[in-house]
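**Q** Below is a structure I'd like to ask you about.
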Number of protein chains: 2
Amino acid sequence: MTEERTARMGLAAANDAGDLGLVKLVRDEGARGVWDYLRSGRGRTSIARRAAGVDLDALRRRTDEIGARFLIPGDEQWPAGVGDLTWSDPVGGVGGEPLGLWVSGPVDLSTLGKAVAVIGSRASTAYGEHVAADWGVGLAEKGHVVVSGGAYGIDACAHRGAIAAGGVTVAVMAGGLATFYPPGNSALIEKVKHAGGVVSEYPPDHPPSRQRFLVRNRLIAALSQATVIVEGAIRSGAQNTVNWALSLGRVVMAAPGPVTSAMSVTPHRLIRSGEAILVSSAKEILDVVEPVDSTIPDYPRSPSTLIDSLTDNQKKVYEALPARRSICVDELSVLTGESALSLLVSLTNLVQAHLIEESPPGMWKLTAHSSRQ
Amino acid sequence: MTEERTARMGLAAANDAGDLGLVKLVRDEGARGVWDYLRSGRGRTSIARRAAGVDLDALRRRTDEIGARFLIPGDEQWPAGVGDLTWSDPVGGVGGEPLGLWVSGPVDLSTLGKAVAVIGSRASTAYGEHVAADWGVGLAEKGHVVVSGGAYGIDACAHRGAIAAGGVTVAVMAGGLATFYPPGNSALIEKVKHAGGVVSEYPPDHPPSRQRFLVRNRLIAALSQATVIVEGAIRSGAQNTVNWALSLGRVVMAAPGPVTSAMSVTPHRLIRSGEAILVSSAKEILDVVEPVDSTIPDYPRSPSTLIDSLTDNQKKVYEALPARRSICVDELSVLTGESALSLLVSLTNLVQAHLIEESPPGMWKLTAHSSRQ
């Protein structure tokens with residue numbers, strides 16, 4: 001193990017609270033310099049106290065023992081997305097690029113460019129669970145890695161959908177990878193590990209904490225090209241992940257739900273404020289992350305709507321127009337039995353509706369995009 | 001009855017299909033001139049044929065008989081909103097300002113400035129019906145007239161909600177006011193008449209038609225300051241009303257619903273495309289139509305979110321800051337037991353989070369909007 005990797009493993013173990021200050025120091029002074037300083041006994045900060053307690057040999061053994069690997073920036077499998085975790089994050093003082101990542105499972109994190117995070121409330125409804133599983137299936141079927149947090153509720157259903165579709169899914173943990181949290185999901189997270197991977201920036205035996213969940217959320221956002229929130233109550237942890245995604249310039253999407261559901265309050269607020277795009281199917285998520293052209297595709301619209309809105313007179317005139325040539329008012333009058341005045345009124349309105357055009361002057365014909373063409 | 005009123009009543013009776021051409025002629029030539037021409041026997045258009053069949057005396061008697069009145073532009077009770085139905089409507093050739101309106105019920109249409117249209121599918125779900133009734137109540141309680149079309153489903157529930165709240169509601173009919181359509185709603189529409197009014201631009205005994213529904217929709221949009229769509233399938237009549245509202249520059253709002261509901265496809269499309277604002281309660285509709293300030297109010301956001309995102313170190317420093325004075329790093333070091341380096345990292349991040357400020361230089365204090373102030 002290189003000295004850089006060793007130093008980063010020690011620093012990652014000491015960086016309990018995802019302190020941006022430590023990440024900045026490492027950027028400025030180098031991992032080895034900071035690690036050596038912290039281990040010199042001269043520092044009196046809480047990080048220095050924690051660094052003094054790190055047993056690097058034991059940590060390396062434990063990492064091997066649980067079948068994990070420790071990645072650092074520059075490694076082939078290092079995920080490019082976390083490089084966007086710059087120093088100017090609006091959420092005060094947490095995060096920055098991780099010092100290193102513990103990973104288990106076959107996934108190559110450098111291939112997460114098309115990953116989509118599907119997140120939401122632990123106290124989900126049956127509706128939200130159905131949606132999360134359905135979208136997990138739909139995204140995985142199209143080759144998108146489904147990233148989530150392994151939590152109860154929406155997270156679990158998103159992972160399950162991806163696994164059911166035979167796709168790749170990644171769970172980002174708020175604690176170390178020796179024991180999966182929450183305990184009730186450990187069998188599921190074990191399956192996630194085999195169907196993709198589990199990721200943590202904490203050593204194998206670190207338990208999760210409130211602070212570590214917040215620090216973890218930024219990794220979910222940074223590892224994914226887009227984040228989809230399925231359900232969230234008025235005060236939702238998912239909001240924190242969404243904030244990270246927005247500050248990273250990632251697209252945020254949200255599932256609408258019944259206005260009577262407390263679990264749809266956060267998605268509705270995000271849509272209403274313009275922070276999230278409303279999506280109502282996996283297909284619509286794919287339209288956003290795999291755009292065919294540069295605009296968000298519109299819903300199908302019936303071509304007959306415009307025709308339906310014509311008056312009876314206008315319909316009669318429109319249907320009397322020949323398919324491939326221009327026609328004058330006199331001929332139209334014979335065909336329709338209408339007066340020239342009446343015909344001119346209808347023709348003018350049909351031109352305004354872009355269904356016909358006057359060409360040459362005094363002659364009328366169907367436009368190129370008329371549905372009769 | 002003045003000659004202008006007589007001519008307009010005759011023209012309204014002859015204007016079967018809401019032909020914009022006739023409205024334009026009346027604007028240019030005056031109602032009397034057009035009426036006299038149509039009755040001269042010289043015209044050969046379908047409108048002239050219909051005008052020849054109008055029995056004005058019988059029409060006036062019938063209007064009185066059913067307890068209706070016939071309003072024309074310039075009348076004290078004429079609704080200002082329909083004046084926005086200009087000649088350049090994007091929907092080809094239908095409409096313009098109505099030539100006159102038959103009205104029954106106590107409502108004064110000139111007071112509809114604050115009216116809100118609540119519309120949606122006839123094939124509504126129990127969810128949509130609940131939402132429409134609830135919002136009908138909420139709008140009526142705050143003095144907003146609830147405008148709708150008297151149809152089954154969403155329309156009926158919106159009217160019912162307004163009536164239940166003791167408010168004013170108006171049904172705009174696609175046929176004349178002698179017989180209410182649909183028959184199954186005639187008792188409800190009778191109640192709407194007493195709780196506000198019923199309105200039609202067709203003579204008392206004209207039956208509704210497909211065309212007349214489309215022509216009617218523009219009146220719902222024009223009479224209201226805003227239109228709220230509660231439910232609509234992929235191809236929905238409510239879309240037509242929304243198009244009118246948008247082309248009139250009226251605000252359009254839409255209720256989200258389950259993504260699994262076919263009846264929420266049109267509201268979701270409108271929200272996704274930015275044509276409609278997502279609203280999830282009557283309160284949110286009121287926020288849009290009665291803005292306290294010029295921006296759409298945001299949802300409540302917990303003030304403690306930012307604090308939650310602080311690291312433990314930052315929280316410790318934040319909580320150690322005195323309430324009303326500045327403090328230097330040395331004093332903070334004594335209070336917290338942290339080194340100057342650690343404190344400076346935390347202080348820098350707290351400044352970035354706008355929770356504290358450096359003032360005077362080298363001294364730190366809480367900002368004015370810190371929740372600890």
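Every chain in the structure tokens has a letter given in the order shown (A, B, ...), and although residue numbers restart at 1 in each chain, ligands are simply numbered from 1 in the order shown.
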So that I can see what lies close to region 363-366 of chain B, please list as an MDAnalysis selection string the residues with an atom at most 12 Å from it, counting only C-alpha atoms and leaving out residues fewer than 3 positions away in the same chain.

**A** chainID B and resid 317:332 343:344 346:348 350:351 353:360 369:373

**Q** Which residues of chain B come within 7 Å of chain A, and what is each one's closest atom pair and distance in Å (one decimal), counting only C-alpha atoms, sorted by chain and residue number, as JSON lines?

**A**
{"residue": "B:Ala17", "atom": "CA", "partner": "A:Thr311", "partner_atom": "CA", "distance": 6.0}
{"residue": "B:Asp19", "atom": "CA", "partner": "A:Thr311", "partner_atom": "CA", "distance": 6.4}
{"residue": "B:Gly21", "atom": "CA", "partner": "A:Val345", "partner_atom": "CA", "distance": 5.5}
{"residue": "B:Arg44", "atom": "CA", "partner": "A:Ser339", "partner_atom": "CA", "distance": 6.3}
{"residue": "B:Thr45", "atom": "CA", "partner": "A:Glu338", "partner_atom": "CA", "distance": 5.7}
{"residue": "B:Pro90", "atom": "CA", "partner": "A:Ala353", "partner_atom": "CA", "distance": 6.7}
{"residue": "B:Val91", "atom": "CA", "partner": "A:Ser309", "partner_atom": "CA", "distance": 6.6}
{"residue": "B:Gly92", "atom": "CA", "partner": "A:Ala353", "partner_atom": "CA", "distance": 5.0}
{"residue": "B:Gly93", "atom": "CA", "partner": "A:Asn349", "partner_atom": "CA", "distance": 5.1}
{"residue": "B:Val94", "atom": "CA", "partner": "A:Thr311", "partner_atom": "CA", "distance": 6.3}
{"residue": "B:Leu214", "atom": "CA", "partner": "A:Ser309", "partner_atom": "CA", "distance": 6.8}
{"residue": "B:Pro256", "atom": "CA", "partner": "A:Pro256", "partner_atom": "CA", "distance": 5.7}
{"residue": "B:Gly257", "atom": "CA", "partner": "A:Pro258", "partner_atom": "CA", "distance": 4.4}
{"residue": "B:Pro258", "atom": "CA", "partner": "A:Gly257", "partner_atom": "CA", "distance": 4.4}
{"residue": "B:Val259", "atom": "CA", "partner": "A:Ser280", "partner_atom": "CA", "distance": 5.0}
{"residue": "B:Arg269", "atom": "CA", "partner": "A:Tyr299", "partner_atom": "CA", "distance": 6.4}
{"residue": "B:Arg272", "atom": "CA", "partner": "A:Leu278", "partner_atom": "CA", "distance": 5.3}
{"residue": "B:Ile277", "atom": "CA", "partner": "A:Arg272", "partner_atom": "CA", "distance": 6.4}
{"residue": "B:Leu278", "atom": "CA", "partner": "A:Arg272", "partner_atom": "CA", "distance": 5.3}
{"residue": "B:Ser280", "atom": "CA", "partner": "A:Val259", "partner_atom": "CA", "distance": 5.1}
{"residue": "B:Tyr299", "atom": "CA", "partner": "A:Arg269", "partner_atom": "CA", "distance": 6.3}
{"residue": "B:Ser309", "atom": "CA", "partner": "A:Val91", "partner_atom": "CA", "distance": 6.6}
{"residue": "B:Leu310", "atom": "CA", "partner": "A:Gly92", "partner_atom": "CA", "distance": 6.0}
{"residue": "B:Thr311", "atom": "CA", "partner": "A:Ala17", "partner_atom": "CA", "distance": 6.0}
{"residue": "B:Asp312", "atom": "CA", "partner": "A:Ala17", "partner_atom": "CA", "distance": 7.0}
{"residue": "B:Glu338", "atom": "CA", "partner": "A:Thr45", "partner_atom": "CA", "distance": 5.8}
{"residue": "B:Ser339", "atom": "CA", "partner": "A:Thr45", "partner_atom": "CA", "distance": 5.8}
{"residue": "B:Ser342", "atom": "CA", "partner": "A:Thr45", "partner_atom": "CA", "distance": 6.4}
{"residue": "B:Val345", "atom": "CA", "partner": "A:Gly21", "partner_atom": "CA", "distance": 5.5}
{"residue": "B:Asn349", "atom": "CA", "partner": "A:Gly93", "partner_atom": "CA", "distance": 5.0}
{"residue": "B:Leu350", "atom": "CA", "partner": "A:Gly92", "partner_atom": "CA", "distance": 6.3}
{"residue": "B:Gln352", "atom": "CA", "partner": "A:Gly92", "partner_atom": "CA", "distance": 6.5}
{"residue": "B:Ala353", "atom": "CA", "partner": "A:Gly92", "partner_atom": "CA", "distance": 5.0}

**Q** As a ChimeraX atom specification, please: all residues of region 137-342 of chain B that backbone DSSP puts in strand (DSSP E or B).

**A** /B:146-148,169-172,196-200,226-229,251-254,277-278,327-328

**Q** Can I get the selection written as a PDB file, in the first residue's frame, with N, CA and C atoms?

**A**
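The new file out16.pdb reads:
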ATOM      1  N   VAL B 146     -66.773  30.702  -7.562  1.00  0.00           N
ATOM      2  CA  VAL B 146     -66.267  29.486  -8.205  1.00  0.00           C
ATOM      3  C   VAL B 146     -67.018  29.285  -9.515  1.00  0.00           C
ATOM      4  N   VAL B 147     -66.301  29.372 -10.629  1.00  0.00           N
ATOM      5  CA  VAL B 147     -66.885  29.219 -11.956  1.00  0.00           C
ATOM      6  C   VAL B 147     -66.580  27.816 -12.467  1.00  0.00           C
ATOM      7  N   SER B 148     -67.580  27.142 -13.061  1.00  0.00           N
ATOM      8  CA  SER B 148     -67.314  25.867 -13.699  1.00  0.00           C
ATOM      9  C   SER B 148     -68.388  25.599 -14.744  1.00  0.00           C
ATOM     10  N   THR B 169     -71.363  30.707  -6.756  1.00  0.00           N
ATOM     11  CA  THR B 169     -70.807  29.879  -7.822  1.00  0.00           C
ATOM     12  C   THR B 169     -71.606  30.111  -9.093  1.00  0.00           C
ATOM     13  N   VAL B 170     -70.932  29.978 -10.227  1.00  0.00           N
ATOM     14  CA  VAL B 170     -71.546  30.250 -11.526  1.00  0.00           C
ATOM     15  C   VAL B 170     -71.274  29.074 -12.453  1.00  0.00           C
ATOM     16  N   ALA B 171     -72.333  28.586 -13.123  1.00  0.00           N
ATOM     17  CA  ALA B 171     -72.172  27.519 -14.111  1.00  0.00           C
ATOM     18  C   ALA B 171     -72.371  28.104 -15.506  1.00  0.00           C
ATOM     19  N   VAL B 172     -71.389  27.897 -16.365  1.00  0.00           N
ATOM     20  CA  VAL B 172     -71.498  28.370 -17.743  1.00  0.00           C
ATOM     21  C   VAL B 172     -71.942  27.192 -18.600  1.00  0.00           C
ATOM     22  N   GLY B 196     -75.854  31.764  -7.073  1.00  0.00           N
ATOM     23  CA  GLY B 196     -74.993  32.587  -7.914  1.00  0.00           C
ATOM     24  C   GLY B 196     -75.674  32.788  -9.249  1.00  0.00           C
ATOM     25  N   GLY B 197     -75.400  31.908 -10.190  1.00  0.00           N
ATOM     26  CA  GLY B 197     -76.074  32.066 -11.464  1.00  0.00           C
ATOM     27  C   GLY B 197     -75.670  31.041 -12.490  1.00  0.00           C
ATOM     28  N   VAL B 198     -76.461  30.988 -13.543  1.00  0.00           N
ATOM     29  CA  VAL B 198     -76.137  30.191 -14.718  1.00  0.00           C
ATOM     30  C   VAL B 198     -76.061  31.145 -15.903  1.00  0.00           C
ATOM     31  N   VAL B 199     -75.162  30.863 -16.824  1.00  0.00           N
ATOM     32  CA  VAL B 199     -74.846  31.775 -17.926  1.00  0.00           C
ATOM     33  C   VAL B 199     -74.784  30.976 -19.215  1.00  0.00           C
ATOM     34  N   SER B 200     -75.314  31.550 -20.303  1.00  0.00           N
ATOM     35  CA  SER B 200     -75.192  30.911 -21.614  1.00  0.00           C
ATOM     36  C   SER B 200     -75.190  31.974 -22.690  1.00  0.00           C
ATOM     37  N   ALA B 226     -58.407  33.173 -12.906  1.00  0.00           N
ATOM     38  CA  ALA B 226     -57.471  32.045 -12.922  1.00  0.00           C
ATOM     39  C   ALA B 226     -58.266  30.772 -13.147  1.00  0.00           C
ATOM     40  N   THR B 227     -57.616  29.775 -13.728  1.00  0.00           N
ATOM     41  CA  THR B 227     -58.263  28.484 -13.969  1.00  0.00           C
ATOM     42  C   THR B 227     -57.451  27.388 -13.288  1.00  0.00           C
ATOM     43  N   VAL B 228     -58.156  26.544 -12.545  1.00  0.00           N
ATOM     44  CA  VAL B 228     -57.516  25.424 -11.850  1.00  0.00           C
ATOM     45  C   VAL B 228     -58.042  24.127 -12.449  1.00  0.00           C
ATOM     46  N   ILE B 229     -57.150  23.299 -12.980  1.00  0.00           N
ATOM     47  CA  ILE B 229     -57.567  21.990 -13.493  1.00  0.00           C
ATOM     48  C   ILE B 229     -57.226  20.935 -12.447  1.00  0.00           C
ATOM     49  N   VAL B 251     -53.808  33.077 -15.260  1.00  0.00           N
ATOM     50  CA  VAL B 251     -52.989  32.085 -14.570  1.00  0.00           C
ATOM     51  C   VAL B 251     -53.680  30.734 -14.624  1.00  0.00           C
ATOM     52  N   VAL B 252     -52.930  29.687 -14.909  1.00  0.00           N
ATOM     53  CA  VAL B 252     -53.450  28.326 -14.871  1.00  0.00           C
ATOM     54  C   VAL B 252     -52.736  27.565 -13.757  1.00  0.00           C
ATOM     55  N   MET B 253     -53.532  26.878 -12.946  1.00  0.00           N
ATOM     56  CA  MET B 253     -52.972  26.040 -11.881  1.00  0.00           C
ATOM     57  C   MET B 253     -53.472  24.616 -12.071  1.00  0.00           C
ATOM     58  N   ALA B 254     -52.745  23.652 -11.526  1.00  0.00           N
ATOM     59  CA  ALA B 254     -53.144  22.260 -11.690  1.00  0.00           C
ATOM     60  C   ALA B 254     -52.851  21.480 -10.425  1.00  0.00           C
ATOM     61  N   ILE B 277     -49.104  26.124 -12.751  1.00  0.00           N
ATOM     62  CA  ILE B 277     -48.427  26.101 -11.452  1.00  0.00           C
ATOM     63  C   ILE B 277     -49.011  24.956 -10.638  1.00  0.00           C
ATOM     64  N   LEU B 278     -48.153  24.155 -10.037  1.00  0.00           N
ATOM     65  CA  LEU B 278     -48.645  23.095  -9.154  1.00  0.00           C
ATOM     66  C   LEU B 278     -49.239  23.733  -7.896  1.00  0.00           C
ATOM     67  N   ILE B 327     -16.669  38.299  19.718  1.00  0.00           N
ATOM     68  CA  ILE B 327     -15.754  37.520  20.555  1.00  0.00           C
ATOM     69  C   ILE B 327     -14.504  37.207  19.724  1.00  0.00           C
ATOM     70  N   CYS B 328     -13.326  37.120  20.379  1.00  0.00           N
ATOM     71  CA  CYS B 328     -12.099  36.830  19.642  1.00  0.00           C
ATOM     72  C   CYS B 328     -11.771  35.340  19.738  1.00  0.00           C
TER      73      CYS B 328
END

**Q** Mind the document's chain letters and residue numbers, and return as a ChimeraX atom specification the residues of region 244-327 of chain A that DSSP labels alpha helix (DSSP H).

**A** /A:244-247,265-272,282-289,305-308,312-320

**Q** Would you export the selected residues with N, CA and C atoms as a CSV table (one decimal), in the first residue's frame, please?

**A**
chain,number,residue,atom,x,y,z
A,244,TRP,N,-27.9,19.1,-2.1
A,244,TRP,CA,-26.6,18.8,-2.6
A,244,TRP,C,-26.6,18.7,-4.1
A,245,ALA,N,-27.6,17.9,-4.6
A,245,ALA,CA,-27.7,17.7,-6.1
A,245,ALA,C,-27.8,19.1,-6.8
A,246,LEU,N,-28.7,20.0,-6.3
A,246,LEU,CA,-28.8,21.3,-6.9
A,246,LEU,C,-27.6,22.1,-6.8
A,247,SER,N,-26.8,22.0,-5.7
A,247,SER,CA,-25.6,22.8,-5.6
A,247,SER,C,-24.5,22.2,-6.5
A,265,VAL,N,-45.5,16.2,0.2
A,265,VAL,CA,-45.3,17.7,0.4
A,265,VAL,C,-44.0,18.2,-0.2
A,266,THR,N,-42.9,17.5,0.1
A,266,THR,CA,-41.6,17.9,-0.4
A,266,THR,C,-41.5,17.9,-1.9
A,267,PRO,N,-41.9,16.7,-2.5
A,267,PRO,CA,-41.9,16.7,-4.0
A,267,PRO,C,-42.7,17.9,-4.6
A,268,HIS,N,-43.9,18.1,-4.1
A,268,HIS,CA,-44.7,19.2,-4.6
A,268,HIS,C,-44.1,20.5,-4.4
A,269,ARG,N,-43.5,20.8,-3.3
A,269,ARG,CA,-42.8,22.1,-3.1
A,269,ARG,C,-41.7,22.3,-4.1
A,270,LEU,N,-40.9,21.2,-4.3
A,270,LEU,CA,-39.8,21.3,-5.2
A,270,LEU,C,-40.2,21.5,-6.6
A,271,ILE,N,-41.3,20.9,-7.0
A,271,ILE,CA,-41.9,21.1,-8.4
A,271,ILE,C,-42.4,22.6,-8.5
A,272,ARG,N,-43.2,22.9,-7.5
A,272,ARG,CA,-43.8,24.3,-7.5
A,272,ARG,C,-42.7,25.4,-7.6
A,282,ALA,N,-40.8,6.2,-15.4
A,282,ALA,CA,-39.4,6.0,-15.7
A,282,ALA,C,-39.0,6.5,-17.1
A,283,LYS,N,-40.0,6.4,-18.0
A,283,LYS,CA,-39.8,6.9,-19.4
A,283,LYS,C,-39.5,8.4,-19.3
A,284,GLU,N,-40.2,9.1,-18.5
A,284,GLU,CA,-40.0,10.6,-18.4
A,284,GLU,C,-38.6,10.9,-17.8
A,285,ILE,N,-38.2,10.1,-16.8
A,285,ILE,CA,-36.8,10.3,-16.3
A,285,ILE,C,-35.8,10.1,-17.4
A,286,LEU,N,-36.0,9.0,-18.2
A,286,LEU,CA,-35.1,8.7,-19.3
A,286,LEU,C,-35.1,9.8,-20.3
A,287,ASP,N,-36.2,10.4,-20.5
A,287,ASP,CA,-36.3,11.6,-21.5
A,287,ASP,C,-35.4,12.7,-21.0
A,288,VAL,N,-35.3,12.9,-19.7
A,288,VAL,CA,-34.5,13.9,-19.1
A,288,VAL,C,-33.0,13.6,-19.2
A,289,VAL,N,-32.6,12.3,-18.8
A,289,VAL,CA,-31.2,12.0,-18.7
A,289,VAL,C,-30.6,11.5,-20.0
A,305,THR,N,-56.8,18.0,-32.3
A,305,THR,CA,-57.3,19.0,-31.5
A,305,THR,C,-57.7,20.3,-32.2
A,306,LEU,N,-56.7,20.7,-33.1
A,306,LEU,CA,-57.0,22.0,-33.8
A,306,LEU,C,-58.2,21.9,-34.7
A,307,ILE,N,-58.3,20.8,-35.4
A,307,ILE,CA,-59.4,20.6,-36.3
A,307,ILE,C,-60.7,20.6,-35.5
A,308,ASP,N,-60.7,19.9,-34.3
A,308,ASP,CA,-61.9,19.9,-33.5
A,308,ASP,C,-62.4,21.3,-33.2
A,312,ASP,N,-68.1,24.8,-37.9
A,312,ASP,CA,-68.6,23.9,-39.0
A,312,ASP,C,-68.3,24.5,-40.4
A,313,ASN,N,-68.4,25.8,-40.5
A,313,ASN,CA,-68.1,26.5,-41.8
A,313,ASN,C,-66.7,26.2,-42.2
A,314,GLN,N,-65.8,26.4,-41.2
A,314,GLN,CA,-64.4,26.3,-41.5
A,314,GLN,C,-64.0,24.9,-41.8
A,315,LYS,N,-64.6,23.9,-41.1
A,315,LYS,CA,-64.4,22.5,-41.4
A,315,LYS,C,-64.8,22.2,-42.8
A,316,LYS,N,-65.9,22.7,-43.2
A,316,LYS,CA,-66.5,22.5,-44.6
A,316,LYS,C,-65.5,23.0,-45.6
A,317,VAL,N,-65.0,24.2,-45.4
A,317,VAL,CA,-64.0,24.8,-46.3
A,317,VAL,C,-62.7,24.0,-46.3
A,318,TYR,N,-62.2,23.7,-45.1
A,318,TYR,CA,-61.0,23.0,-45.0
A,318,TYR,C,-61.0,21.6,-45.7
A,319,GLU,N,-62.2,21.0,-45.6
A,319,GLU,CA,-62.3,19.6,-46.2
A,319,GLU,C,-62.5,19.8,-47.7
A,320,ALA,N,-63.0,20.9,-48.2
A,320,ALA,CA,-63.2,21.1,-49.6
A,320,ALA,C,-61.9,21.4,-50.3

**Q** Considering only C-alpha atoms, return as a list of chain:residue names whatever protein or nucleic-acid residues lie within 7 Å of Gly136 (chain B), sequence-local ones (same chain, fewer than 3 positions apart) excluded.

**A**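 Final neighbour list, sorted by chain and number: B:Ala132, B:Ala133, B:Leu139, B:Ala140, B:Val146, B:Ala158, B:His159, B:Gly161, B:Ala162.
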
**Q** Determine, counting only C-alpha atoms, which protein, DNA and RNA residues have an atom within 8 Å of an atom of region 27-41 of chain A; residues of the same chain fewer than 5 positions away are not included. Present the result as JSON, numbers by chain.

**A** {"A": [3, 4, 7, 8, 10, 11, 47, 48, 51, 52]}

**Q** Have a look at A:Ala178, A:Leu335, A:Val145, A:Ala117 and name the one nearest to Ala68 (chain A); count only C-alpha atoms.

**A** A:Ala178

**Q** Which residue, A:Ala151, A:Trp135, A:Asp64, A:Asp55, has the smallest gap to Pro208 (chain A) when you use only C-alpha atoms?

**A**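 Of A:Ala151, A:Trp135, A:Asp64, A:Asp55, the one nearest Pro208 (chain A), counting only C-alpha atoms, is A:Ala151.
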
**Q** Any idea what's packed within 8 Å of Pro106 (chain A), counting only C-alpha atoms, ignoring anything in its chain fewer than 2 positions away? Could you give it as a list of chain:residue names?

**A**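 The filter keeps A:Ser104, A:Asp108, A:Lys193, A:His194, A:Ala195, A:Gly196, A:Gly197.
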
**Q** Please measure the separation of CA of Gly113 (chain A) and CA of Gly143 (chain A), giving the value in Å to one decimal.

**A**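 CA of Gly143 (chain A) lies at a distance of 11.2 Å from CA of Gly113 (chain A).
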
**Q** What is the CA of Ala123 (chain B)-CA of Ile154 (chain B) distance in Å, reported with one decimal?

**A**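 Here the two named atoms are 8.3 Å from each other.
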